[in-house]
>>> print(open('input.pdb').read())   # PDB, C-alpha atoms and all ligand atoms
ATOM      1  CA  MET A  19     -12.412   2.467 -16.575
ATOM      2  CA  THR A  20     -10.889   5.077 -14.255
ATOM      3  CA  GLN A  21     -11.516   4.441 -10.591
ATOM      4  CA  VAL A  22     -13.000   7.483  -8.865
ATOM      5  CA  ILE A  23     -12.652   7.906  -5.118
ATOM      6  CA  PRO A  24     -14.471  10.398  -2.871
ATOM      7  CA  ILE A  25     -12.186  12.532  -0.690
ATOM      8  CA  GLU A  26     -12.498  15.607   1.483
ATOM      9  CA  LEU A  27      -9.934  18.367   1.755
ATOM     10  CA  THR A  28      -9.869  21.654   3.584
ATOM     11  CA  VAL A  29      -8.256  24.021   1.128
ATOM     12  CA  ASN A  30      -7.387  27.544   2.217
ATOM     13  CA  GLY A  31      -9.857  27.193   5.066
ATOM     14  CA  ARG A  32     -12.716  25.936   2.906
ATOM     15  CA  ARG A  33     -13.978  22.369   3.109
ATOM     16  CA  ARG A  34     -14.197  20.666  -0.276
ATOM     17  CA  ALA A  35     -15.793  17.315  -1.142
ATOM     18  CA  LEU A  36     -14.311  15.874  -4.318
ATOM     19  CA  GLU A  37     -14.352  12.781  -6.448
ATOM     20  CA  VAL A  38     -10.884  12.154  -7.801
ATOM     21  CA  ALA A  39      -9.246   9.612 -10.035
ATOM     22  CA  ALA A  40      -7.070   7.274  -7.999
ATOM     23  CA  HIS A  41      -3.971   8.250  -9.970
ATOM     24  CA  HIS A  42      -4.480  12.031  -9.848
ATOM     25  CA  THR A  43      -2.050  14.075  -7.802
ATOM     26  CA  LEU A  44      -2.861  16.765  -5.297
ATOM     27  CA  LEU A  45      -1.396  19.221  -7.832
ATOM     28  CA  GLU A  46      -3.845  18.106 -10.529
ATOM     29  CA  VAL A  47      -6.801  18.343  -8.173
ATOM     30  CA  LEU A  48      -5.829  21.812  -6.949
ATOM     31  CA  ARG A  49      -5.333  23.166 -10.458
ATOM     32  CA  ASP A  50      -7.904  21.258 -12.511
ATOM     33  CA  ASP A  51     -10.715  20.517 -10.069
ATOM     34  CA  LEU A  52     -10.457  23.548  -7.772
ATOM     35  CA  ASP A  53      -9.075  26.071 -10.274
ATOM     36  CA  LEU A  54      -6.287  27.093  -7.888
ATOM     37  CA  THR A  55      -3.727  27.739 -10.597
ATOM     38  CA  GLY A  56      -1.312  29.644  -8.380
ATOM     39  CA  THR A  57       0.294  26.278  -7.647
ATOM     40  CA  LYS A  58       2.436  25.674 -10.710
ATOM     41  CA  GLU A  59       2.965  22.540 -12.751
ATOM     42  CA  CYS A  60       6.513  22.162 -13.995
ATOM     43  CA  CYS A  61       8.901  19.223 -13.603
ATOM     44  CA  LEU A  62       6.379  16.809 -12.024
ATOM     45  CA  VAL A  63       9.232  14.837 -10.449
ATOM     46  CA  GLY A  64       9.877  16.762  -7.252
ATOM     47  CA  GLU A  65      12.873  18.703  -8.523
ATOM     48  CA  CYS A  66      11.737  22.318  -8.962
ATOM     49  CA  GLY A  67       9.418  23.223  -6.078
ATOM     50  CA  ALA A  68       6.987  25.114  -8.327
ATOM     51  CA  CYS A  69       4.118  23.013  -6.963
ATOM     52  CA  THR A  70       4.910  23.597  -3.254
ATOM     53  CA  VAL A  71       1.896  23.727  -0.954
ATOM     54  CA  ARG A  72       1.373  23.299   2.758
ATOM     55  CA  LEU A  73      -0.290  20.002   3.727
ATOM     56  CA  ASP A  74      -1.130  19.324   7.360
ATOM     57  CA  GLY A  75       1.477  21.725   8.655
ATOM     58  CA  ARG A  76       4.384  20.976   6.386
ATOM     59  CA  ILE A  77       5.314  21.845   2.849
ATOM     60  CA  VAL A  78       5.200  19.199   0.172
ATOM     61  CA  ASP A  79       5.687  18.993  -3.560
ATOM     62  CA  SER A  80       2.079  18.502  -4.566
ATOM     63  CA  CYS A  81       3.113  16.776  -7.806
ATOM     64  CA  LEU A  82       4.376  13.872  -5.688
ATOM     65  CA  VAL A  83       1.323  13.485  -3.443
ATOM     66  CA  LEU A  84      -1.684  11.528  -4.672
ATOM     67  CA  ALA A  85      -4.920  13.354  -3.965
ATOM     68  CA  VAL A  86      -6.244  10.280  -2.147
ATOM     69  CA  GLU A  87      -3.216  10.405   0.163
ATOM     70  CA  ALA A  88      -4.260  13.911   1.183
ATOM     71  CA  ASP A  89      -7.816  12.816   2.050
ATOM     72  CA  GLY A  90      -8.947  14.570   5.211
ATOM     73  CA  GLY A  91      -6.010  16.942   5.066
ATOM     74  CA  GLU A  92      -5.652  20.680   5.400
ATOM     75  CA  VAL A  93      -4.040  22.359   2.417
ATOM     76  CA  THR A  94      -2.787  25.917   2.026
ATOM     77  CA  THR A  95      -1.810  27.240  -1.386
ATOM     78  CA  ALA A  96      -0.319  30.591  -2.359
ATOM     79  CA  GLU A  97      -3.866  31.877  -2.819
ATOM     80  CA  GLY A  98      -4.509  31.086   0.836
ATOM     81  CA  LEU A  99      -1.675  33.198   2.250
ATOM     82  CA  ALA A 100      -3.642  36.418   2.018
ATOM     83  CA  PRO A 101      -7.297  37.424   1.698
ATOM     84  CA  GLU A 102      -8.554  37.609  -1.869
ATOM     85  CA  GLY A 103      -7.349  40.731  -3.649
ATOM     86  CA  SER A 104      -4.520  41.474  -1.233
ATOM     87  CA  LEU A 105      -0.933  40.426  -0.607
ATOM     88  CA  SER A 106       0.607  39.151   2.600
ATOM     89  CA  PRO A 107       3.619  41.169   3.864
ATOM     90  CA  LEU A 108       5.865  38.359   2.631
ATOM     91  CA  GLN A 109       4.300  38.394  -0.835
ATOM     92  CA  ALA A 110       4.603  42.192  -0.955
ATOM     93  CA  ALA A 111       8.285  41.931   0.000
ATOM     94  CA  PHE A 112       8.895  39.742  -3.066
ATOM     95  CA  LEU A 113       7.486  42.511  -5.253
ATOM     96  CA  ASP A 114       9.256  45.323  -3.393
ATOM     97  CA  HIS A 115      12.654  43.650  -3.743
ATOM     98  CA  GLY A 116      12.375  42.655  -7.378
ATOM     99  CA  GLY A 117      12.204  38.962  -6.560
ATOM    100  CA  VAL A 118       9.652  38.423  -9.309
ATOM    101  CA  GLN A 119      10.725  38.273 -12.942
ATOM    102  CA  CYS A 120       8.562  35.874 -14.996
ATOM    103  CA  GLY A 121       6.849  34.928 -11.742
ATOM    104  CA  PHE A 122       6.448  31.242 -12.482
ATOM    105  CA  CYS A 123       8.416  29.997  -9.490
ATOM    106  CA  ILE A 124       7.129  32.615  -7.079
ATOM    107  CA  PRO A 125       4.103  30.844  -5.544
ATOM    108  CA  GLY A 126       6.342  27.930  -4.617
ATOM    109  CA  GLN A 127       9.101  30.245  -3.389
ATOM    110  CA  VAL A 128       6.624  32.118  -1.216
ATOM    111  CA  MET A 129       5.234  28.893   0.244
ATOM    112  CA  ALA A 130       8.768  27.741   1.099
ATOM    113  CA  ALA A 131       9.643  31.147   2.582
ATOM    114  CA  ASP A 132       6.416  31.143   4.599
ATOM    115  CA  ASP A 133       7.388  27.745   5.983
ATOM    116  CA  LEU A 134      10.935  28.885   6.783
ATOM    117  CA  LEU A 135       9.754  31.993   8.624
ATOM    118  CA  ARG A 136       7.301  29.969  10.696
ATOM    119  CA  ARG A 137      10.188  27.802  11.898
ATOM    120  CA  ASN A 138      12.812  30.525  12.011
ATOM    121  CA  PRO A 139      11.425  34.087  12.131
ATOM    122  CA  HIS A 140      14.870  35.693  11.734
ATOM    123  CA  PRO A 141      16.934  33.515   9.407
ATOM    124  CA  THR A 142      20.436  34.317   8.240
ATOM    125  CA  VAL A 143      21.249  34.469   4.534
ATOM    126  CA  PRO A 144      22.630  30.891   4.524
ATOM    127  CA  GLU A 145      19.523  29.701   6.360
ATOM    128  CA  ILE A 146      17.316  31.347   3.740
ATOM    129  CA  GLN A 147      19.367  29.788   0.956
ATOM    130  CA  GLU A 148      19.057  26.388   2.594
ATOM    131  CA  GLY A 149      15.370  26.831   3.356
ATOM    132  CA  LEU A 150      14.583  27.674  -0.262
ATOM    133  CA  ALA A 151      17.055  25.252  -1.809
ATOM    134  CA  GLY A 152      14.255  23.043  -3.094
ATOM    135  CA  ASN A 153      12.777  25.854  -5.159
ATOM    136  CA  LEU A 154      14.427  26.604  -8.479
ATOM    137  CA  CYS A 155      14.193  29.960 -10.251
ATOM    138  CA  ARG A 156      14.985  29.818 -13.936
ATOM    139  CA  CYS A 157      15.187  33.619 -14.069
ATOM    140  CA  GLY A 158      17.984  33.544 -11.504
ATOM    141  CA  CYS A 159      16.321  35.867  -8.998
ATOM    142  CA  TYR A 160      17.912  34.134  -6.023
ATOM    143  CA  GLU A 161      19.598  37.247  -4.655
ATOM    144  CA  GLN A 162      16.416  39.317  -4.815
ATOM    145  CA  ILE A 163      14.353  36.481  -3.331
ATOM    146  CA  THR A 164      16.805  36.204  -0.436
ATOM    147  CA  GLU A 165      16.610  39.978   0.090
ATOM    148  CA  ALA A 166      12.817  39.793   0.110
ATOM    149  CA  VAL A 167      12.760  37.091   2.775
ATOM    150  CA  LEU A 168      15.334  38.995   4.855
ATOM    151  CA  ALA A 169      13.277  42.165   4.569
ATOM    152  CA  ALA A 170      10.073  40.419   5.596
ATOM    153  CA  ALA A 171      11.872  38.960   8.614
ATOM    154  CA  GLU A 172      13.663  42.177   9.570
ATOM    155  CA  ALA A 173      10.481  44.202   9.377
ATOM    156  CA  ALA A 174       8.916  41.618  11.688
ATOM    157  CA  ALA A 175       6.165  41.754   9.129
ATOM    158  CA  PHE A 176       5.804  38.048   8.807
ATOM    159  CA  GLU A 177       2.570  36.661  10.145
ATOM    160  CA  PRO A 178       1.710  33.039   9.404
ATOM    161  CA  ALA A 179      -1.541  32.808   7.487
ATOM    162  CA  ASP A 180      -2.573  29.785   9.491
ATOM    163  CA  ALA A 181      -1.675  30.182  13.154
ATOM    164  CA  ARG A 182      -2.927  26.664  13.918
ATOM    165  CA  SER A 183      -0.253  24.978  11.841
ATOM    166  CA  THR A 184       2.933  23.872  13.487
ATOM    167  CA  GLY A 185       6.451  24.195  12.169
ATOM    168  CA  SER A 186       7.769  21.734   9.667
ATOM    169  CA  ASP A 187      10.912  20.240   8.291
ATOM    170  CA  ARG A 188      11.201  20.201   4.545
ATOM    171  CA  GLU A 189      13.571  17.263   4.677
ATOM    172  CA  GLU A 190      10.785  15.224   6.263
ATOM    173  CA  ALA A 191       8.167  16.372   3.817
ATOM    174  CA  ALA A 192       6.945  13.948   1.212
ATOM    175  CA  ARG A 193       8.612  14.794  -2.065
TER     176      ARG A 193
HETATM  177  S1  LIG B   1       6.314  20.398 -10.421
HETATM  178 FE1  LIG B   1       8.438  20.451  -9.938
HETATM  179  S2  LIG B   1       8.536  19.706  -7.890
HETATM  180 FE2  LIG B   1       6.448  19.477  -8.467
HETATM  181  S1  LIG B   2      10.973  34.517 -11.492
HETATM  182 FE1  LIG B   2      11.023  33.347 -13.359
HETATM  183  S2  LIG B   2      11.428  31.317 -12.696
HETATM  184 FE2  LIG B   2      11.640  32.502 -10.911
END
>>> encode(input="input.pdb", output="structure tokens")
Amino acid sequence: MTQVIPIELTVNGRRRALEVAAHHTLLEVLRDDLDLTGTKECCLVGECGACTVRLDGRIVDSCLVLAVEADGGEVTTAEGLAPEGSLSPLQAAFLDHGGVQCGFCIPGQVMAADDLLRRNPHPTVPEIQEGLAGNLCRCGCYEQITEAVLAAAEAAAFEPADARSTGSDREEAAR
């Protein structure tokens, strides 16, 4: 019999009480229990970054975090970067610069770019490439994605969605 454990998460500013299977990941709970399908399911081994979310102020691969490990945590997904029905300036820059082809990697790319710009509001091209190195794009839109992040930074249009969160270091994030 599957063990079910009660947890609480604050997801995109909304408190959620959940009962989750002990072996379910944060990714599964976001997508299957909360219907937040912007966070993508792909490699499930921490290689592609499609499942990137912000957890307690730093980005993580949600496929590698058990939901019970996130108990009490604050989670931001791509849906949480902008009010419903709108785009953040960073998200709009991805569209404006052709950074979106099939779009599958984009929520994770945007979460990583959001994290980078919180830590470094005016990154150089190499810094953007390094900051997004954990996010793979099978369509090969790396140049356009880099241009989008540069444009968002240069326009000083970047505004963190969650001003309470602190900067983070992806290398330290659970993967
Ligand atoms: S699904 Fe690829 S890193 Fe999580
Ligand atoms: S836009 Fe298709 S995988 Fe990145």
>>> residues_near_ligand(input="input.pdb", ligand="ligand LIG 1 (chain B)", cutoff="8 Å", atoms="all atoms listed in the file", output="list in words")
Leu45, Lys58, Glu59, Cys60, Cys61, Leu62, Val63, Gly64, Glu65, Cys66, Gly67, Ala68, Cys69, Thr70, Asp79, Ser80, Cys81, Leu82, Asn153 and Arg193 of chain A
>>> closest_atom_pairs(input="input.pdb", of="chain A", to="ligand LIG 2 (chain B)", cutoff="7 Å", atoms="all atoms listed in the file", output="JSON lines")
{"residue": "A:Gly117", "atom": "CA", "partner": "B:LIG2", "partner_atom": "S1", "distance": 6.8}
{"residue": "A:Val118", "atom": "CA", "partner": "B:LIG2", "partner_atom": "S1", "distance": 4.7}
{"residue": "A:Gln119", "atom": "CA", "partner": "B:LIG2", "partner_atom": "S1", "distance": 4.0}
{"residue": "A:Cys120", "atom": "CA", "partner": "B:LIG2", "partner_atom": "FE1", "distance": 3.9}
{"residue": "A:Gly121", "atom": "CA", "partner": "B:LIG2", "partner_atom": "S1", "distance": 4.2}
{"residue": "A:Phe122", "atom": "CA", "partner": "B:LIG2", "partner_atom": "S2", "distance": 5.0}
{"residue": "A:Cys123", "atom": "CA", "partner": "B:LIG2", "partner_atom": "FE2", "distance": 4.3}
{"residue": "A:Ile124", "atom": "CA", "partner": "B:LIG2", "partner_atom": "FE2", "distance": 5.9}
{"residue": "A:Leu154", "atom": "CA", "partner": "B:LIG2", "partner_atom": "FE2", "distance": 7.0}
{"residue": "A:Cys155", "atom": "CA", "partner": "B:LIG2", "partner_atom": "FE2", "distance": 3.7}
{"residue": "A:Arg156", "atom": "CA", "partner": "B:LIG2", "partner_atom": "S2", "distance": 4.1}
{"residue": "A:Cys157", "atom": "CA", "partner": "B:LIG2", "partner_atom": "FE1", "distance": 4.2}
{"residue": "A:Gly158", "atom": "CA", "partner": "B:LIG2", "partner_atom": "FE2", "distance": 6.5}
{"residue": "A:Cys159", "atom": "CA", "partner": "B:LIG2", "partner_atom": "S1", "distance": 6.1}
>>> residues_around(input="input.pdb", residues="Ala39 of chain A", least_positions_apart="6", cutoff="7 Å", atoms="only C-alpha atoms", output="NGL selection string")
:A and (20-23)
>>> closest_residue(input="input.pdb", among="A:Gly126, A:Gly103, A:Pro141, A:Gly75", to="Gly91 of chain A", atoms="all atoms listed in the file")
A:Gly75
>>> resolve_selection(input="input.pdb", expression="the PyMOL selection byres (((chain A and resi 71) around 6) and not hetatm)", output="ChimeraX atom specification")
/A:70,72,77-78,94-95
>>> write_last_selection(input="input.pdb", atoms="C-alpha atoms", output="PDB file, in the coordinates of the input")
ATOM      1  CA  THR A  70       4.910  23.597  -3.254  1.00  0.00           C
ATOM      2  CA  ARG A  72       1.373  23.299   2.758  1.00  0.00           C
ATOM      3  CA  ILE A  77       5.314  21.845   2.849  1.00  0.00           C
ATOM      4  CA  VAL A  78       5.200  19.199   0.172  1.00  0.00           C
ATOM      5  CA  THR A  94      -2.787  25.917   2.026  1.00  0.00           C
ATOM      6  CA  THR A  95      -1.810  27.240  -1.386  1.00  0.00           C
TER       7      THR A  95
END
>>> closest_residue(input="input.pdb", among="A:Ala40, A:Ala170, A:Ala151, A:Val128", to="Ala88 of chain A", atoms="all atoms listed in the file")
A:Ala40
>>> resolve_selection(input="input.pdb", expression="the PyMOL selection byres (((chain A and resi 161) around 12) and not hetatm)", output="JSON, numbers by chain")
{"A": [112, 115, 116, 117, 118, 143, 144, 146, 147, 150, 155, 157, 158, 159, 160, 162, 163, 164, 165, 166, 167, 168]}
>>> write_last_selection(input="input.pdb", atoms="C-alpha atoms", output="PDB file, in the coordinates of the input")
ATOM      1  CA  PHE A 112       8.895  39.742  -3.066  1.00  0.00           C
ATOM      2  CA  HIS A 115      12.654  43.650  -3.743  1.00  0.00           C
ATOM      3  CA  GLY A 116      12.375  42.655  -7.378  1.00  0.00           C
ATOM      4  CA  GLY A 117      12.204  38.962  -6.560  1.00  0.00           C
ATOM      5  CA  VAL A 118       9.652  38.423  -9.309  1.00  0.00           C
ATOM      6  CA  VAL A 143      21.249  34.469   4.534  1.00  0.00           C
ATOM      7  CA  PRO A 144      22.630  30.891   4.524  1.00  0.00           C
ATOM      8  CA  ILE A 146      17.316  31.347   3.740  1.00  0.00           C
ATOM      9  CA  GLN A 147      19.367  29.788   0.956  1.00  0.00           C
ATOM     10  CA  LEU A 150      14.583  27.674  -0.262  1.00  0.00           C
ATOM     11  CA  CYS A 155      14.193  29.960 -10.251  1.00  0.00           C
ATOM     12  CA  CYS A 157      15.187  33.619 -14.069  1.00  0.00           C
ATOM     13  CA  GLY A 158      17.984  33.544 -11.504  1.00  0.00           C
ATOM     14  CA  CYS A 159      16.321  35.867  -8.998  1.00  0.00           C
ATOM     15  CA  TYR A 160      17.912  34.134  -6.023  1.00  0.00           C
ATOM     16  CA  GLN A 162      16.416  39.317  -4.815  1.00  0.00           C
ATOM     17  CA  ILE A 163      14.353  36.481  -3.331  1.00  0.00           C
ATOM     18  CA  THR A 164      16.805  36.204  -0.436  1.00  0.00           C
ATOM     19  CA  GLU A 165      16.610  39.978   0.090  1.00  0.00           C
ATOM     20  CA  ALA A 166      12.817  39.793   0.110  1.00  0.00           C
ATOM     21  CA  VAL A 167      12.760  37.091   2.775  1.00  0.00           C
ATOM     22  CA  LEU A 168      15.334  38.995   4.855  1.00  0.00           C
TER      23      LEU A 168
END
>>> residues_around(input="input.pdb", residues="Asp132 of chain A", least_positions_apart="3", cutoff="8 Å", atoms="all atoms listed in the file", output="list in words")
Leu108, Val128, Met129, Leu135, Arg136 and Pro178 of chain A
>>> closest_residue(input="input.pdb", among="A:Asp74, A:Glu37, A:Glu26, A:Glu148", to="Gly90 of chain A", atoms="only C-alpha atoms")
A:Glu26
>>> resolve_selection(input="input.pdb", expression="the PyMOL selection byres (((chain A and resi 31) around 10) and not hetatm)", output="MDAnalysis selection string")
chainID A and resid 27:30 32:34 92:94 98 180
>>> atom_distance(input="input.pdb", atom1="atom CA of Ala111 of chain A", atom2="atom CA of Val47 of chain A")
29.2 Å
>>> closest_residue(input="input.pdb", among="A:Ala130, A:Pro125, A:Leu54, A:Glu172", to="Thr142 of chain A", atoms="all atoms listed in the file")
A:Glu172
>>> atom_distance(input="input.pdb", atom1="atom CA of Glu102 of chain A", atom2="atom CA of Asp53 of chain A")
14.3 Å
>>> residues_near_point(input="input.pdb", point="(0.9, 13.3, -7.9)", cutoff="6 Å", atoms="only C-alpha atoms", output="list in words")
His42, Thr43, Leu44, Cys81, Leu82, Val83 and Leu84 of chain A
>>> write_last_selection(input="input.pdb", atoms="C-alpha atoms", output="short mmCIF file (atom, residue, chain, number, x, y, z; two decimals), keeping the file's coordinate frame")
data_model
loop_
_atom_site.label_atom_id
_atom_site.label_comp_id
_atom_site.auth_asym_id
_atom_site.auth_seq_id
_atom_site.Cartn_x
_atom_site.Cartn_y
_atom_site.Cartn_z
CA HIS A 42 -4.48 12.03 -9.85
CA THR A 43 -2.05 14.08 -7.80
CA LEU A 44 -2.86 16.76 -5.30
CA CYS A 81 3.11 16.78 -7.81
CA LEU A 82 4.38 13.87 -5.69
CA VAL A 83 1.32 13.48 -3.44
CA LEU A 84 -1.68 11.53 -4.67
#
>>> atom_distance(input="input.pdb", atom1="atom CA of Leu134 of chain A", atom2="atom CA of Ala110 of chain A")
16.6 Å
>>> closest_residue(input="input.pdb", among="A:Leu99, A:Asp89, A:His41, A:Pro139", to="Ala173 of chain A", atoms="all atoms listed in the file")
A:Pro139
>>> closest_residue(input="input.pdb", among="A:Ala85, A:Leu36, A:Leu113, A:Ala131", to="Pro24 of chain A", atoms="all atoms listed in the file")
A:Leu36
>>> decode(input="input.pdb", residues="segment 127-149 of chain A", atoms="N, CA and C atoms", output="PDB file, in the first residue's frame")
ATOM      1  N   GLN A 127      13.779  27.427 -19.107  1.00  0.00           N
ATOM      2  CA  GLN A 127      14.750  28.467 -19.501  1.00  0.00           C
ATOM      3  C   GLN A 127      14.406  29.796 -18.816  1.00  0.00           C
ATOM      4  N   VAL A 128      13.125  30.117 -18.807  1.00  0.00           N
ATOM      5  CA  VAL A 128      12.702  31.380 -18.202  1.00  0.00           C
ATOM      6  C   VAL A 128      12.950  31.375 -16.695  1.00  0.00           C
ATOM      7  N   MET A 129      12.718  30.246 -16.050  1.00  0.00           N
ATOM      8  CA  MET A 129      12.988  30.175 -14.608  1.00  0.00           C
ATOM      9  C   MET A 129      14.478  30.355 -14.333  1.00  0.00           C
ATOM     10  N   ALA A 130      15.323  29.752 -15.169  1.00  0.00           N
ATOM     11  CA  ALA A 130      16.772  29.896 -14.986  1.00  0.00           C
ATOM     12  C   ALA A 130      17.211  31.332 -15.275  1.00  0.00           C
ATOM     13  N   ALA A 131      16.623  31.943 -16.311  1.00  0.00           N
ATOM     14  CA  ALA A 131      16.975  33.330 -16.642  1.00  0.00           C
ATOM     15  C   ALA A 131      16.506  34.282 -15.542  1.00  0.00           C
ATOM     16  N   ASP A 132      15.325  34.022 -15.012  1.00  0.00           N
ATOM     17  CA  ASP A 132      14.803  34.826 -13.898  1.00  0.00           C
ATOM     18  C   ASP A 132      15.778  34.770 -12.723  1.00  0.00           C
ATOM     19  N   ASP A 133      16.259  33.572 -12.440  1.00  0.00           N
ATOM     20  CA  ASP A 133      17.209  33.394 -11.335  1.00  0.00           C
ATOM     21  C   ASP A 133      18.515  34.136 -11.611  1.00  0.00           C
ATOM     22  N   LEU A 134      19.016  34.016 -12.841  1.00  0.00           N
ATOM     23  CA  LEU A 134      20.261  34.691 -13.211  1.00  0.00           C
ATOM     24  C   LEU A 134      20.128  36.205 -13.041  1.00  0.00           C
ATOM     25  N   LEU A 135      19.021  36.755 -13.536  1.00  0.00           N
ATOM     26  CA  LEU A 135      18.859  38.210 -13.503  1.00  0.00           C
ATOM     27  C   LEU A 135      18.623  38.737 -12.087  1.00  0.00           C
ATOM     28  N   ARG A 136      18.120  37.897 -11.212  1.00  0.00           N
ATOM     29  CA  ARG A 136      18.030  38.308  -9.800  1.00  0.00           C
ATOM     30  C   ARG A 136      19.431  38.479  -9.216  1.00  0.00           C
ATOM     31  N   ARG A 137      20.326  37.555  -9.579  1.00  0.00           N
ATOM     32  CA  ARG A 137      21.681  37.575  -9.021  1.00  0.00           C
ATOM     33  C   ARG A 137      22.590  38.538  -9.744  1.00  0.00           C
ATOM     34  N   ASN A 138      22.306  38.730 -11.044  1.00  0.00           N
ATOM     35  CA  ASN A 138      23.183  39.517 -11.899  1.00  0.00           C
ATOM     36  C   ASN A 138      22.311  40.248 -12.919  1.00  0.00           C
ATOM     37  N   PRO A 139      21.840  41.449 -12.589  1.00  0.00           N
ATOM     38  CA  PRO A 139      20.868  42.140 -13.446  1.00  0.00           C
ATOM     39  C   PRO A 139      21.410  42.502 -14.833  1.00  0.00           C
ATOM     40  N   HIS A 140      22.715  42.556 -15.000  1.00  0.00           N
ATOM     41  CA  HIS A 140      23.276  42.916 -16.309  1.00  0.00           C
ATOM     42  C   HIS A 140      24.378  41.925 -16.698  1.00  0.00           C
ATOM     43  N   PRO A 141      23.998  40.716 -17.001  1.00  0.00           N
ATOM     44  CA  PRO A 141      25.003  39.688 -17.318  1.00  0.00           C
ATOM     45  C   PRO A 141      25.596  39.876 -18.707  1.00  0.00           C
ATOM     46  N   THR A 142      26.823  39.408 -18.853  1.00  0.00           N
ATOM     47  CA  THR A 142      27.454  39.351 -20.172  1.00  0.00           C
ATOM     48  C   THR A 142      26.946  38.093 -20.893  1.00  0.00           C
ATOM     49  N   VAL A 143      27.274  37.997 -22.177  1.00  0.00           N
ATOM     50  CA  VAL A 143      26.866  36.810 -22.933  1.00  0.00           C
ATOM     51  C   VAL A 143      27.423  35.527 -22.294  1.00  0.00           C
ATOM     52  N   PRO A 144      28.732  35.479 -21.960  1.00  0.00           N
ATOM     53  CA  PRO A 144      29.217  34.256 -21.304  1.00  0.00           C
ATOM     54  C   PRO A 144      28.514  33.966 -19.986  1.00  0.00           C
ATOM     55  N   GLU A 145      28.175  35.010 -19.242  1.00  0.00           N
ATOM     56  CA  GLU A 145      27.467  34.785 -17.974  1.00  0.00           C
ATOM     57  C   GLU A 145      26.062  34.228 -18.212  1.00  0.00           C
ATOM     58  N   ILE A 146      25.425  34.686 -19.276  1.00  0.00           N
ATOM     59  CA  ILE A 146      24.100  34.131 -19.613  1.00  0.00           C
ATOM     60  C   ILE A 146      24.254  32.667 -20.020  1.00  0.00           C
ATOM     61  N   GLN A 147      25.257  32.401 -20.848  1.00  0.00           N
ATOM     62  CA  GLN A 147      25.464  31.015 -21.291  1.00  0.00           C
ATOM     63  C   GLN A 147      25.745  30.099 -20.109  1.00  0.00           C
ATOM     64  N   GLU A 148      26.531  30.600 -19.161  1.00  0.00           N
ATOM     65  CA  GLU A 148      26.821  29.789 -17.976  1.00  0.00           C
ATOM     66  C   GLU A 148      25.583  29.644 -17.093  1.00  0.00           C
ATOM     67  N   GLY A 149      24.853  30.742 -16.946  1.00  0.00           N
ATOM     68  CA  GLY A 149      23.675  30.720 -16.076  1.00  0.00           C
ATOM     69  C   GLY A 149      22.586  29.780 -16.576  1.00  0.00           C
TER      70      GLY A 149
END
